[in-house]
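The next block is entry-v2.txt, given as compact mmCIF, C-alpha atoms.
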```
# COMPACT_ATOMS: atom_id res chain seq x y z
CA MET A 275 -50.47 5.00 -53.77
CA ILE A 276 -52.15 5.16 -50.39
CA LYS A 277 -50.43 1.89 -49.36
CA ALA A 278 -47.05 3.28 -50.47
CA SER A 279 -47.59 6.49 -48.49
CA SER A 280 -48.59 4.45 -45.46
CA GLY A 281 -45.44 2.36 -45.76
CA LEU A 282 -43.29 5.46 -46.06
CA GLY A 283 -44.96 6.99 -43.01
CA GLU A 284 -44.40 3.82 -41.02
CA GLY A 285 -40.74 3.81 -42.03
CA LEU A 286 -40.31 7.42 -40.97
CA ARG A 287 -42.02 6.72 -37.66
CA ARG A 288 -39.76 3.75 -36.97
CA GLY A 289 -36.72 5.75 -38.01
CA PHE A 290 -37.70 8.57 -35.66
CA GLU A 291 -38.31 6.14 -32.80
CA LYS A 292 -34.90 4.58 -33.42
CA TYR A 293 -33.30 8.03 -33.41
CA VAL A 294 -35.00 8.93 -30.12
CA TYR A 295 -33.93 5.59 -28.66
CA LEU A 296 -30.30 6.16 -29.69
CA VAL A 297 -30.33 9.70 -28.25
CA LYS A 298 -31.71 8.41 -24.96
CA LEU A 299 -29.20 5.57 -24.98
CA LYS A 300 -26.36 8.04 -25.50
CA GLU A 301 -27.66 10.24 -22.67
CA GLU A 302 -27.96 7.20 -20.39
CA ASN A 303 -24.43 6.08 -21.26
CA GLN A 304 -23.16 9.57 -20.48
CA ARG A 305 -25.03 9.59 -17.17
CA LEU A 306 -23.64 6.18 -16.22
CA LYS A 307 -20.16 7.28 -17.21
CA LEU A 308 -20.35 10.36 -14.97
CA GLU A 309 -21.82 8.27 -12.15
CA ASN A 310 -19.04 5.71 -12.55
CA GLU A 311 -16.37 8.44 -12.41
CA ALA A 312 -17.98 9.88 -9.28
CA LEU A 313 -18.01 6.43 -7.64
CA ARG A 314 -14.36 5.87 -8.58
CA THR A 315 -13.44 9.22 -7.05
CA ARG A 316 -15.37 8.38 -3.90
CA LEU A 317 -13.75 4.95 -3.70
CA THR A 318 -10.30 6.52 -4.03
CA ARG A 319 -11.08 8.94 -1.21
CA LEU A 320 -12.40 6.12 0.98
CA GLU A 321 -9.28 4.04 0.30
CA GLU A 322 -7.13 7.05 1.20
CA THR A 323 -9.11 7.59 4.40
CA LEU A 324 -8.80 3.89 5.32
CA PHE A 325 -5.05 4.00 4.71
CA LEU A 326 -4.74 7.09 6.89
CA CYS A 327 -6.87 5.62 9.68
CA LYS A 328 -4.77 2.43 9.78
CA ALA A 329 -1.57 4.46 9.95
CA LEU A 330 -2.92 6.73 12.68
CA ASP A 331 -4.12 3.72 14.68
CA LYS A 332 -0.52 2.46 14.76
CA GLY A 333 0.65 5.91 15.83
CA ASP A 334 -1.83 6.01 18.71
CA LYS A 335 -0.12 2.94 20.17
CA SER A 336 3.27 4.66 20.32
CA PRO A 337 4.26 5.47 23.96
CA LEU A 338 5.77 8.78 22.87
CA LEU A 339 2.69 9.87 20.93
CA LYS A 340 0.46 8.78 23.79
CA THR A 341 2.40 10.90 26.25
CA TYR A 342 2.34 14.30 24.58
CA PRO A 343 -0.49 16.25 22.97
CA LYS A 344 -0.04 16.42 19.23
CA ILE A 345 -1.51 17.85 16.05
CA LEU A 346 -1.80 15.90 12.81
CA ALA A 347 -0.72 17.85 9.72
CA LYS A 348 -0.46 17.07 6.02
CA VAL A 349 2.77 17.73 4.15
CA ILE A 350 1.71 20.02 1.30
CA TYR A 351 5.16 20.96 -0.02
CA LYS A 352 8.13 18.66 -0.25
CA PRO A 353 10.78 19.72 -2.79
CA PHE A 354 12.54 17.25 -5.02
CA GLU A 355 15.64 19.45 -4.90
CA PRO A 356 17.63 18.49 -1.80
CA PHE A 357 19.03 22.03 -1.62
CA GLU A 358 15.60 23.29 -0.51
CA ASN A 359 15.89 22.03 3.03
CA TYR A 360 12.37 22.56 4.32
CA LEU A 361 8.85 21.14 4.22
CA ILE A 362 5.51 22.92 4.50
CA ILE A 363 2.52 21.56 6.42
CA ASP A 364 -1.15 22.62 6.43
CA LYS A 365 -1.35 23.60 10.11
CA GLY A 366 -0.26 26.84 11.77
CA LYS A 367 -0.90 29.33 14.56
CA ASP A 368 -4.66 28.85 14.33
CA VAL A 369 -4.36 25.40 15.93
CA GLY A 370 -1.48 26.14 18.28
CA VAL A 371 1.60 25.36 16.18
CA SER A 372 4.60 27.53 17.08
CA PRO A 373 8.34 27.64 16.27
CA GLU A 374 10.69 25.01 17.74
CA MET A 375 7.97 22.42 18.24
CA PRO A 376 9.24 18.88 17.48
CA VAL A 377 7.86 17.12 14.41
CA VAL A 378 7.66 13.34 13.96
CA SER A 379 6.41 11.14 11.13
CA ALA A 380 2.77 10.01 11.00
CA VAL A 381 2.16 8.53 7.54
CA GLY A 382 4.81 7.48 5.04
CA GLY A 383 7.55 5.18 6.32
CA GLU A 384 8.10 4.39 10.00
CA ILE A 385 5.70 6.12 12.40
CA GLY A 386 6.92 8.35 15.22
CA VAL A 387 10.50 8.92 14.05
CA LEU A 388 12.07 12.37 14.09
CA VAL A 389 11.40 14.63 11.12
CA GLY A 390 12.71 17.92 12.51
CA GLN A 391 11.28 21.04 14.10
CA VAL A 392 8.92 23.88 13.25
CA ALA A 393 10.95 26.79 11.88
CA GLU A 394 8.38 29.39 10.79
CA VAL A 395 4.62 29.71 11.28
CA SER A 396 1.75 31.60 9.66
CA SER A 397 -1.91 31.43 10.60
CA LYS A 398 -2.63 28.27 8.60
CA TYR A 399 0.75 26.89 7.54
CA ALA A 400 4.17 26.09 8.98
CA LYS A 401 7.63 25.55 7.57
CA ILE A 402 9.50 22.53 8.92
CA LEU A 403 13.28 22.34 9.22
CA PRO A 404 14.19 18.66 8.67
CA ILE A 405 17.07 16.96 10.43
CA THR A 406 18.80 16.60 7.06
CA ALA A 407 19.21 20.39 6.69
CA PRO A 408 22.81 21.65 7.18
CA VAL A 409 21.69 24.11 9.88
CA SER A 410 19.91 21.38 11.86
CA ALA A 411 21.46 20.04 15.07
CA VAL A 412 19.95 17.36 17.31
CA ASP A 413 21.43 16.10 20.59
CA VAL A 414 21.25 12.30 20.37
CA LEU A 415 22.52 9.25 22.22
CA SER A 416 23.18 5.62 21.43
CA VAL A 417 20.56 3.26 22.84
CA ARG A 418 23.26 0.64 23.38
CA SER A 419 26.15 2.59 24.92
CA ARG A 420 24.40 5.84 26.01
CA GLU A 421 27.18 7.85 24.35
CA ARG A 422 26.04 11.29 23.16
CA GLY A 423 26.72 13.25 20.02
CA LEU A 424 25.29 16.05 17.89
CA LEU A 425 23.50 14.97 14.73
CA ARG A 426 23.94 17.40 11.83
CA GLY A 427 22.34 17.36 8.40
CA ARG A 428 24.26 17.51 5.13
CA GLY A 429 21.66 18.81 2.71
CA LYS A 430 21.94 16.86 -0.53
CA GLU A 431 23.57 13.87 1.19
CA GLU A 432 21.34 10.96 2.20
CA THR A 433 23.15 10.52 5.51
CA CYS A 434 23.74 12.87 8.44
CA LEU A 435 26.93 13.29 10.46
CA LEU A 436 27.33 12.59 14.16
CA ASP A 437 29.61 15.31 15.54
CA TYR A 438 31.47 15.77 18.80
CA VAL A 439 32.18 12.10 19.33
CA PRO A 440 35.86 11.84 20.42
CA TYR A 441 37.96 9.10 18.87
CA GLY A 442 37.72 5.89 20.90
CA MET A 443 34.23 6.50 22.33
CA ASP A 444 31.86 3.53 22.33
CA ILE A 445 29.91 4.16 19.12
CA ARG A 446 29.57 1.29 16.65
CA GLU A 447 28.08 0.70 13.24
CA GLY A 448 24.51 -0.47 13.69
CA ASP A 449 23.89 1.61 16.83
CA ILE A 450 20.39 3.07 17.11
CA LEU A 451 20.30 6.77 17.97
CA VAL A 452 17.46 8.53 19.81
CA THR A 453 16.98 12.08 21.05
CA SER A 454 18.78 12.61 24.35
CA GLY A 455 16.32 15.13 25.76
CA MET A 456 19.27 17.31 26.80
CA ASP A 457 18.90 20.09 24.24
CA ALA A 458 15.72 21.62 25.71
CA LEU A 459 14.03 21.09 22.36
CA TYR A 460 13.15 17.45 21.74
CA PRO A 461 11.66 15.06 24.30
CA LYS A 462 13.88 12.11 25.15
CA GLY A 463 13.61 8.84 23.27
CA ILE A 464 12.46 9.78 19.75
CA ARG A 465 14.01 7.40 17.23
CA VAL A 466 16.35 9.36 14.95
CA GLY A 467 18.58 7.08 12.91
CA GLN A 468 21.18 4.33 12.75
CA VAL A 469 24.97 4.52 12.51
CA VAL A 470 25.88 3.14 9.10
CA ARG A 471 29.53 4.04 8.69
CA ILE A 472 32.51 5.04 10.83
CA SER A 473 35.53 6.31 8.88
CA PRO A 474 38.67 6.47 11.06
CA GLU A 475 40.71 7.70 8.07
CA LYS A 476 38.51 10.82 7.91
CA ARG A 477 39.03 11.89 11.50
CA GLN A 478 38.73 15.61 12.16
CA GLY A 479 41.12 16.36 14.97
CA PHE A 480 40.07 14.33 17.99
CA PHE A 481 36.64 13.52 16.58
CA GLU A 482 35.39 10.53 14.60
CA THR A 483 33.65 10.85 11.22
CA ILE A 484 30.40 8.98 11.77
CA GLU A 485 27.58 8.73 9.22
CA VAL A 486 23.98 8.19 10.30
CA GLU A 487 21.03 7.15 8.14
CA PRO A 488 17.82 8.85 9.35
CA PHE A 489 14.84 6.61 10.06
CA CYS A 490 12.53 9.17 8.47
CA ASP A 491 11.86 8.38 4.82
CA PHE A 492 11.42 11.93 3.54
CA ARG A 493 10.53 10.73 0.04
CA ARG A 494 7.47 8.84 1.31
CA LEU A 495 6.48 11.25 4.08
CA GLU A 496 2.83 12.37 3.73
CA TYR A 497 1.61 13.32 7.21
CA VAL A 498 3.39 14.40 10.39
CA TYR A 499 2.60 14.97 14.04
CA VAL A 500 3.58 18.29 15.57
CA ILE A 501 4.26 17.69 19.26
CA LEU A 502 2.98 20.59 21.31
CA THR A 503 5.70 22.24 23.38
CA TYR A 504 6.44 19.46 25.81
CA ARG A 505 8.57 21.64 28.11
CA ASP A 506 5.39 23.19 29.52
CA PHE A 507 3.52 19.88 29.56
CA LYS A 508 3.32 17.66 32.64
CA PRO A 509 2.33 14.10 31.66
```
Mind turning the file's structure into structure tokens?
Amino acid sequence: MIKASSGLGEGLRRGFEKYVYLVKLKEENQRLKLENEALRTRLTRLEETLFLCKALDKGDKSPLLKTYPKILAKVIYKPFEPFENYLIIDKGKDVGVSPEMPVVSAVGGEIGVLVGQVAEVSSKYAKILPITAPVSAVDVLSVRSRERGLLRGRGKEETCLLDYVPYGMDIREGDILVTSGMDALYPKGIRVGQVVRISPEKRQGFFETIEVEPFCDFRRLEYVYVILTYRDFKP
């Protein structure tokens, strides 16, 4: 009887020890799981930081971005609907951003190409009018022929139109367009887009119908540089 009781007690003790072991094992697994998730989150942030640093390093080598003071900003609102022709960035008056300042790409697609201009500003945010907006107008010129025109957005369309180019002027498909610097808004030489189509049959009066594909990839755009008002800046 005593031996039986002793065996039962030993079994209970072992059972209890096993239970405690399993509880501790579960707690340890949970701790390791949380630690693993934290490490994954940290790794993701580090990878994002590394990606950003590499992109910004390329931007720092751009002659344009070296010339003018600039502010890096993150795009925090970018609508899928093409009818909403604006972006929102996370920088505003507090760091010197003001209306009409030029905006170029920093991360997401080609670096240093024209995005648009600052349209409205609050203390910590700014609304950007992209070159694809119908109310946008940018004075540009062909790198090859130096012919000028006015680039206008078309909203939902993927291409812009080059206006005020008389029929017969030296503009060809494949021409690279940059800002002319003659509209008192954008500094000269910012890459804007490429002529992709000239449609003589769609002439409007004396002017050609010329389509331009912007270099800025708005779908991939993540960060931008706001160029501080260069008109008051002496490089």
Find the residues near range 425-441 of chain A: any atom within 12 Å, counting all atoms listed in the file, skip ones fewer than 6 places away on the same chain, and give them as an NGL selection string.
:A and (353-360 or 388-390 or 403-416 or 447 or 449 or 451-454 or 457 or 466-493)
Protein, DNA and RNA residues within 10 Å of (-2.6, 23.8, 16.4), all atoms listed in the file, as a list in words:
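Residues with an atom at most 10 Å from (-2.6, 23.8, 16.4): Lys344, Ile345, Leu346, Ala347, Lys365, Gly366, Lys367, Asp368, Val369, Gly370, Val371, Ser372, Ser397, Lys398, Tyr399, Val500, Ile501 and Leu502 of chain A.
One finds CA of Val498 in chain A at 26.0 Å from CA of Gly448 in chain A.
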What is the distance between CA of Glu291 in chain A and CA of Lys307 in chain A, in Å to one decimal?
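Distance between the two atoms: 24.0 Å.
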What's the separation between CA of Lys462 in chain A and CA of Glu384 in chain A, in Å to one decimal place?
18.0 Å
For Leu495 in chain A, which residue among A:Lys352, A:Arg446, A:Arg465, A:Lys292 is the nearest when counting only C-alpha atoms?
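Of A:Lys352, A:Arg446, A:Arg465, A:Lys292, the one nearest Leu495 in chain A is A:Lys352, counting only C-alpha atoms.
Proximity to Leu424 in chain A was assessed for A:Gly463, A:Ser396, A:Met456, A:Lys401 counting only C-alpha atoms; the smallest distance is recorded for A:Met456.
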